[in-house]
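Comments concern the structure below.
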Amino acid sequence: MSLNDPTQQSRFSGTENYVATDDLKVAVNAAATLKRPLLIKGEPGTGKTVLAQEVAKAFDTDLIEWHIKSTTKAHQGLYEYDAVSRLRDSQLGDEKVKDIRNYIKRGKLWEAFTHEKTPVLLIDEIDKADIEFPNDLLLEIDRMEFHVYETGETVKAVNRPLVIITSNNEKELPDAFLRRCFFHYIKFPDEATMLDIINVHYPDIKKELAREALSIFFDVRNVPGMKKKPSTSELLDWLKLLMSEDLPMDVLKSKDPKTLIPPLHGALIKNEQDIHLFERLAFMSKRT
Amino acid sequence: MFTNFFYELKDGGVPVSINEYLMLMEALQAGCTDYEIDQFYYLARSTFVKDEKNLDKFDRVFGKVFQGIEFIGEEAVEIPEEWLRKMAELHLTQEEMDEIEALGDWDKIMETLKKRLEEQEKRHQGGNKWIGTAGRSPFGAYGYNPEGVRIGQDKGRHGKAIKVWDKREFKNLDDSVELGTRNIKVALRKIRQFAREGEATELDLDDTIRSTAHKGYLDIKMVPERHNAVKILLFFDIGGSMDPHIKLCEELFSAARSEFKHLEFFYFHNCLYEGVWKDNKRRHNDTMPTMDVLHTYPHDYKVIIVGDASMSPYEIAYPGGSVEHWNEESGETWLRRLLSVYSKTIWLNPIPEKHWEYEQSIQMIKQLMENRMFPLSISGLEDAIKELRR
């Protein structure tokens, strides 16, 4: 499978490490075929970032990751002109200073545009950046080309990379930007999908353990008033702990109110208030 | 080809544009999907819907437009009683089932189910004027129309018993429902106005570097500190009919407090009169004349009033109408005074919008506010903020 060849019907259908639902497959394949950006949203910990890694693996190409922070500027993804080094070099009389190209630092987009294999470009957590950030990238992502003013050259993508963008919904993205993307909302996996996910990550997990742990996990998620519901990644961490501790099965199974707080809960419940909530629930069920 | 669908989406309140439509056509032409309704649904969804709050609207329109198509090539199983039972299982809890079953009365089950569904229909439709619920017409024989509620085979691995869009899994992501502190903060954040004013005390690193590199010698640039320049006055209705909404108001309050540097808040009861207070415990001895408030805070403050506006019309219109004290001037006069000072004023009402028309006092206040009354939900808050920003 490759992203390069338009005639070849490339299809993403999950990998051995990643369970993709049907709707996700359709979205990824549409974005890959039309070479349009794919915007992924969803609860934290549902595998948004991992998706890009797995897509790159499935299409057998490289992944270029661009992690966005609140201080990230759009032009940093294109290139940066390092005026300070040039000034220093000029004072030292370095020969390099004659050529401005020595001071142009390539950004992630440039890297992606000129990569020899059509890569997957991940723009992670785009909502972290300033509100104007997506707008500043509009043209570059749309046309897959930009202009370098210092040298006067135009960088154009040889092969349009597959751009995957993730967002945690902290800011709304501008309409003009959204119009150019395919969108997919990763919803929280149901129990069957979750069991698949567990099996993919821990193929030799005991069936009984997985089932019990899963039922506790969904119970925990359904407790009303939880501040931070545990997500897939927390479940996987917790299972890893459970497996390495090798607890006897009856610890999980006991429906004794005293042990209402699940064993090794630190991996599942990350919020002090939530732990208090559980303690209060345990206390109340003890009294009744 | 799917223009009808496109316009239905537009009518349904999903923000779609011609770009997306062309994109869908392109994707179909490129053979992104097999000719299968599920695949098409997924493709159309990822093309047209760009925000999870619109997923539910999309599902409803899709259900309406493509109703009936899903039966193509699928075996329609018509064993009414069998699948009505399934339906009952879906909509009634096990306890309820057992309870009714113990009575041994099938009709009873159907009656309960019918009621339950009726309730649900009503709930689903709440406030959405533009669509029936996915084209269901649920009552025929046994109060059911087998074609309206699409239940086919046993709920198998493919989840085909109910079509994906009919499951409406994204129902609670609709933004008129949920409101938490975080959500409020995000909404409030939109009225931030950043400004640099005052003494230039901060080193502008980027500009210094740029300028130094250009000139060839060290050239230091300073800028004033950047801060949120928006100023807010909050008036909270407290006590009485506001008690049920206290949690919402607390959330709004705590969110607003952490978002704005210039935030002043005051309490009032039912309607604004000559006095407001800051500490609810000492409300009778420690009031501040409203006139002083109007004089203290300049007119560039933005005013948010939070209250249910539910009271006797006398409390607004007549002097002496207040339930708590003798007011020399009517609430209306005071409200008008406030509005004349602060042009950016909005009223947030915790009561859902659909109930407003039944309450005379709400209508009166709304009129006084020149329609700038918004429900205290995320979408209401967003509209309110938009109004404040204009």
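Residues are named by chain letter and number: chains run A, B, ... in the order of the structure tokens, numbers start at 1 in each chain, and ligands are numbered from 1 in the order shown.
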
Residues of chain A within 6 Å of chain B, only C-alpha atoms counted, as a PDB file with all heavy atoms, in the first residue's frame:
```pdb
ATOM      1  N   ASP A  23     -16.694   3.791  10.349  1.00  0.00           N
ATOM      2  CA  ASP A  23     -16.800   5.195   9.954  1.00  0.00           C
ATOM      3  C   ASP A  23     -15.426   5.854   9.891  1.00  0.00           C
ATOM      4  O   ASP A  23     -15.171   6.697   9.044  1.00  0.00           O
ATOM      5  CB  ASP A  23     -17.759   5.966  10.880  1.00  0.00           C
ATOM      6  CG  ASP A  23     -17.553   5.648  12.340  1.00  0.00           C
ATOM      7  OD1 ASP A  23     -16.826   4.686  12.627  1.00  0.00           O
ATOM      8  OD2 ASP A  23     -18.121   6.358  13.187  1.00  0.00           O
ATOM      9  N   ALA A  30     -11.228   8.416   2.516  1.00  0.00           N
ATOM     10  CA  ALA A  30     -11.660   9.558   1.705  1.00  0.00           C
ATOM     11  C   ALA A  30     -10.592  10.636   1.714  1.00  0.00           C
ATOM     12  O   ALA A  30     -10.256  11.208   0.673  1.00  0.00           O
ATOM     13  CB  ALA A  30     -12.983  10.106   2.244  1.00  0.00           C
ATOM     14  N   ALA A  83      17.905  35.163  11.957  1.00  0.00           N
ATOM     15  CA  ALA A  83      18.665  36.398  11.792  1.00  0.00           C
ATOM     16  C   ALA A  83      19.782  36.520  12.818  1.00  0.00           C
ATOM     17  O   ALA A  83      20.833  37.092  12.548  1.00  0.00           O
ATOM     18  CB  ALA A  83      17.724  37.594  11.900  1.00  0.00           C
ATOM     19  N   LEU A  87      23.683  37.390  12.155  1.00  0.00           N
ATOM     20  CA  LEU A  87      24.340  38.570  12.708  1.00  0.00           C
ATOM     21  C   LEU A  87      25.660  38.181  13.368  1.00  0.00           C
ATOM     22  O   LEU A  87      26.697  38.817  13.175  1.00  0.00           O
ATOM     23  CB  LEU A  87      23.409  39.236  13.722  1.00  0.00           C
ATOM     24  CG  LEU A  87      23.970  40.453  14.442  1.00  0.00           C
ATOM     25  CD1 LEU A  87      24.250  41.568  13.462  1.00  0.00           C
ATOM     26  CD2 LEU A  87      23.010  40.929  15.514  1.00  0.00           C
ATOM     27  N   PHE A 182     -11.986  16.914   5.863  1.00  0.00           N
ATOM     28  CA  PHE A 182     -12.909  15.883   6.281  1.00  0.00           C
ATOM     29  C   PHE A 182     -12.890  15.872   7.798  1.00  0.00           C
ATOM     30  O   PHE A 182     -11.881  16.204   8.414  1.00  0.00           O
ATOM     31  CB  PHE A 182     -12.477  14.511   5.766  1.00  0.00           C
ATOM     32  CG  PHE A 182     -12.815  14.281   4.337  1.00  0.00           C
ATOM     33  CD1 PHE A 182     -11.858  14.402   3.349  1.00  0.00           C
ATOM     34  CD2 PHE A 182     -14.102  13.933   3.982  1.00  0.00           C
ATOM     35  CE1 PHE A 182     -12.174  14.201   2.034  1.00  0.00           C
ATOM     36  CE2 PHE A 182     -14.428  13.724   2.662  1.00  0.00           C
ATOM     37  CZ  PHE A 182     -13.467  13.854   1.676  1.00  0.00           C
ATOM     38  N   PHE A 183     -13.999  15.493   8.381  1.00  0.00           N
ATOM     39  CA  PHE A 183     -14.084  15.548   9.834  1.00  0.00           C
ATOM     40  C   PHE A 183     -14.464  14.180  10.370  1.00  0.00           C
ATOM     41  O   PHE A 183     -15.278  13.463   9.781  1.00  0.00           O
ATOM     42  CB  PHE A 183     -15.140  16.584  10.229  1.00  0.00           C
ATOM     43  CG  PHE A 183     -15.467  16.593  11.700  1.00  0.00           C
ATOM     44  CD1 PHE A 183     -14.598  17.178  12.600  1.00  0.00           C
ATOM     45  CD2 PHE A 183     -16.638  16.031  12.167  1.00  0.00           C
ATOM     46  CE1 PHE A 183     -14.891  17.194  13.954  1.00  0.00           C
ATOM     47  CE2 PHE A 183     -16.940  16.044  13.521  1.00  0.00           C
ATOM     48  CZ  PHE A 183     -16.069  16.627  14.409  1.00  0.00           C
ATOM     49  N   HIS A 184     -13.846  13.808  11.476  1.00  0.00           N
ATOM     50  CA  HIS A 184     -14.300  12.598  12.140  1.00  0.00           C
ATOM     51  C   HIS A 184     -14.272  12.794  13.632  1.00  0.00           C
ATOM     52  O   HIS A 184     -13.293  13.281  14.187  1.00  0.00           O
ATOM     53  CB  HIS A 184     -13.441  11.395  11.758  1.00  0.00           C
ATOM     54  CG  HIS A 184     -13.923  10.127  12.399  1.00  0.00           C
ATOM     55  ND1 HIS A 184     -15.052   9.488  11.983  1.00  0.00           N
ATOM     56  CD2 HIS A 184     -13.462   9.425  13.458  1.00  0.00           C
ATOM     57  CE1 HIS A 184     -15.262   8.420  12.746  1.00  0.00           C
ATOM     58  NE2 HIS A 184     -14.309   8.373  13.650  1.00  0.00           N
TER      59      HIS A 184
END
```

What's around Phe236 of chain B at 8 Å? Count only C-alpha atoms, leave out sequence neighbours fewer than 2 positions away in its own chain, and write the answer as an MDAnalysis selection string. chainID B and resid 234 238 265:268 305:307

Grab the residues selected above and save them as a JSON list (two decimals), in the first residue's frame with all heavy atoms.
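For reference, result.json as written:
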```json
[["chain", "number", "residue", "atom", "x", "y", "z"],
["B", 234, "LEU", "N", -21.69, 42.22, 36.67],
["B", 234, "LEU", "CA", -22.62, 41.09, 36.71],
["B", 234, "LEU", "C", -23.70, 41.38, 37.74],
["B", 234, "LEU", "O", -23.39, 41.74, 38.88],
["B", 234, "LEU", "CB", -21.86, 39.85, 37.17],
["B", 234, "LEU", "CG", -21.43, 38.79, 36.17],
["B", 234, "LEU", "CD1", -20.71, 37.70, 36.91],
["B", 234, "LEU", "CD2", -22.61, 38.21, 35.44],
["B", 238, "ILE", "N", -31.22, 36.77, 43.09],
["B", 238, "ILE", "CA", -30.94, 35.78, 44.11],
["B", 238, "ILE", "C", -32.20, 35.51, 44.92],
["B", 238, "ILE", "O", -33.00, 36.40, 45.15],
["B", 238, "ILE", "CB", -29.77, 36.27, 45.00],
["B", 238, "ILE", "CG1", -29.16, 35.12, 45.78],
["B", 238, "ILE", "CG2", -30.19, 37.39, 45.94],
["B", 238, "ILE", "CD1", -27.99, 34.54, 45.10],
["B", 265, "PHE", "N", -19.55, 42.33, 40.68],
["B", 265, "PHE", "CA", -20.84, 41.64, 40.69],
["B", 265, "PHE", "C", -21.73, 42.20, 41.80],
["B", 265, "PHE", "O", -21.24, 42.67, 42.83],
["B", 265, "PHE", "CB", -20.64, 40.14, 40.89],
["B", 265, "PHE", "CG", -20.05, 39.80, 42.22],
["B", 265, "PHE", "CD1", -20.85, 39.48, 43.30],
["B", 265, "PHE", "CD2", -18.68, 39.81, 42.38],
["B", 265, "PHE", "CE1", -20.28, 39.18, 44.52],
["B", 265, "PHE", "CE2", -18.12, 39.52, 43.60],
["B", 265, "PHE", "CZ", -18.91, 39.21, 44.68],
["B", 266, "PHE", "N", -23.02, 42.17, 41.57],
["B", 266, "PHE", "CA", -23.99, 42.63, 42.55],
["B", 266, "PHE", "C", -25.18, 41.68, 42.54],
["B", 266, "PHE", "O", -25.45, 41.02, 41.55],
["B", 266, "PHE", "CB", -24.47, 44.05, 42.21],
["B", 266, "PHE", "CG", -23.37, 45.06, 42.25],
["B", 266, "PHE", "CD1", -22.74, 45.46, 41.08],
["B", 266, "PHE", "CD2", -22.96, 45.58, 43.46],
["B", 266, "PHE", "CE1", -21.71, 46.38, 41.12],
["B", 266, "PHE", "CE2", -21.92, 46.50, 43.50],
["B", 266, "PHE", "CZ", -21.29, 46.90, 42.34],
["B", 267, "TYR", "N", -25.87, 41.62, 43.67],
["B", 267, "TYR", "CA", -27.09, 40.82, 43.73],
["B", 267, "TYR", "C", -28.31, 41.73, 43.76],
["B", 267, "TYR", "O", -28.24, 42.86, 44.23],
["B", 267, "TYR", "CB", -27.10, 39.97, 45.01],
["B", 267, "TYR", "CG", -26.02, 38.94, 45.06],
["B", 267, "TYR", "CD1", -24.97, 39.06, 45.96],
["B", 267, "TYR", "CD2", -26.05, 37.84, 44.22],
["B", 267, "TYR", "CE1", -23.97, 38.11, 46.01],
["B", 267, "TYR", "CE2", -25.06, 36.89, 44.26],
["B", 267, "TYR", "CZ", -24.02, 37.02, 45.16],
["B", 267, "TYR", "OH", -23.03, 36.08, 45.20],
["B", 268, "PHE", "N", -29.41, 41.22, 43.25],
["B", 268, "PHE", "CA", -30.68, 41.90, 43.39],
["B", 268, "PHE", "C", -31.76, 40.83, 43.56],
["B", 268, "PHE", "O", -31.48, 39.64, 43.45],
["B", 268, "PHE", "CB", -30.97, 42.80, 42.18],
["B", 268, "PHE", "CG", -31.14, 42.04, 40.89],
["B", 268, "PHE", "CD1", -32.40, 41.70, 40.42],
["B", 268, "PHE", "CD2", -30.03, 41.69, 40.13],
["B", 268, "PHE", "CE1", -32.54, 41.01, 39.23],
["B", 268, "PHE", "CE2", -30.19, 40.99, 38.93],
["B", 268, "PHE", "CZ", -31.45, 40.65, 38.49],
["B", 305, "ILE", "N", -26.87, 40.55, 33.14],
["B", 305, "ILE", "CA", -27.84, 40.34, 34.21],
["B", 305, "ILE", "C", -28.29, 38.88, 34.15],
["B", 305, "ILE", "O", -28.62, 38.37, 33.09],
["B", 305, "ILE", "CB", -29.07, 41.26, 34.04],
["B", 305, "ILE", "CG1", -28.61, 42.71, 33.88],
["B", 305, "ILE", "CG2", -30.00, 41.13, 35.23],
["B", 305, "ILE", "CD1", -29.75, 43.66, 33.55],
["B", 306, "VAL", "N", -28.25, 38.20, 35.29],
["B", 306, "VAL", "CA", -28.69, 36.81, 35.32],
["B", 306, "VAL", "C", -29.92, 36.73, 36.21],
["B", 306, "VAL", "O", -29.86, 37.09, 37.38],
["B", 306, "VAL", "CB", -27.59, 35.89, 35.88],
["B", 306, "VAL", "CG1", -28.03, 34.45, 35.80],
["B", 306, "VAL", "CG2", -26.30, 36.10, 35.13],
["B", 307, "GLY", "N", -31.02, 36.28, 35.64],
["B", 307, "GLY", "CA", -32.23, 36.17, 36.44],
["B", 307, "GLY", "C", -33.30, 35.45, 35.67],
["B", 307, "GLY", "O", -33.24, 35.38, 34.45]]
```

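Distances here use only C-alpha atoms; by that measure, the residue among A:Phe217, A:Tyr149, A:Tyr103, A:Tyr79 closest to Met194 of chain A is A:Phe217.
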
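Between atom CA of Ser361 of chain B and atom CA of Ala309 of chain B lies a distance of 6.2 Å.
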
Pick out the residues sitting within 12 Å of Val120 of chain A, and hand them over as a PyMOL selection string; count only C-alpha atoms, and ignore anything fewer than 4 positions along from it in its own chain. chain A and resi 2-4+28+31-32+35-38+51-66+108-109+111-113+115-116+159-165

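The environment of Asn29 of chain A within 9 Å, counting only C-alpha atoms and disregarding residues fewer than 4 places along the same chain, consists of Ser10, Arg11, Phe12, Ser13, Leu24, Lys25, Thr33 and Leu34 of chain A; Cys32 and Thr33 of chain B.
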
Per-residue DSSP, segment 200-257 of chain A, filtered to helix (DSSP H, G or I), as number ranges by chain: A: 200-201, 207-222, 232-245, 249-253, 257

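Residues in contact range of Lys231 of chain B, defined as at most 7 Å between only C-alpha atoms, with sequence neighbours fewer than 5 positions away removed, read B:His262, B:Leu263, B:Tyr301, B:Lys302.
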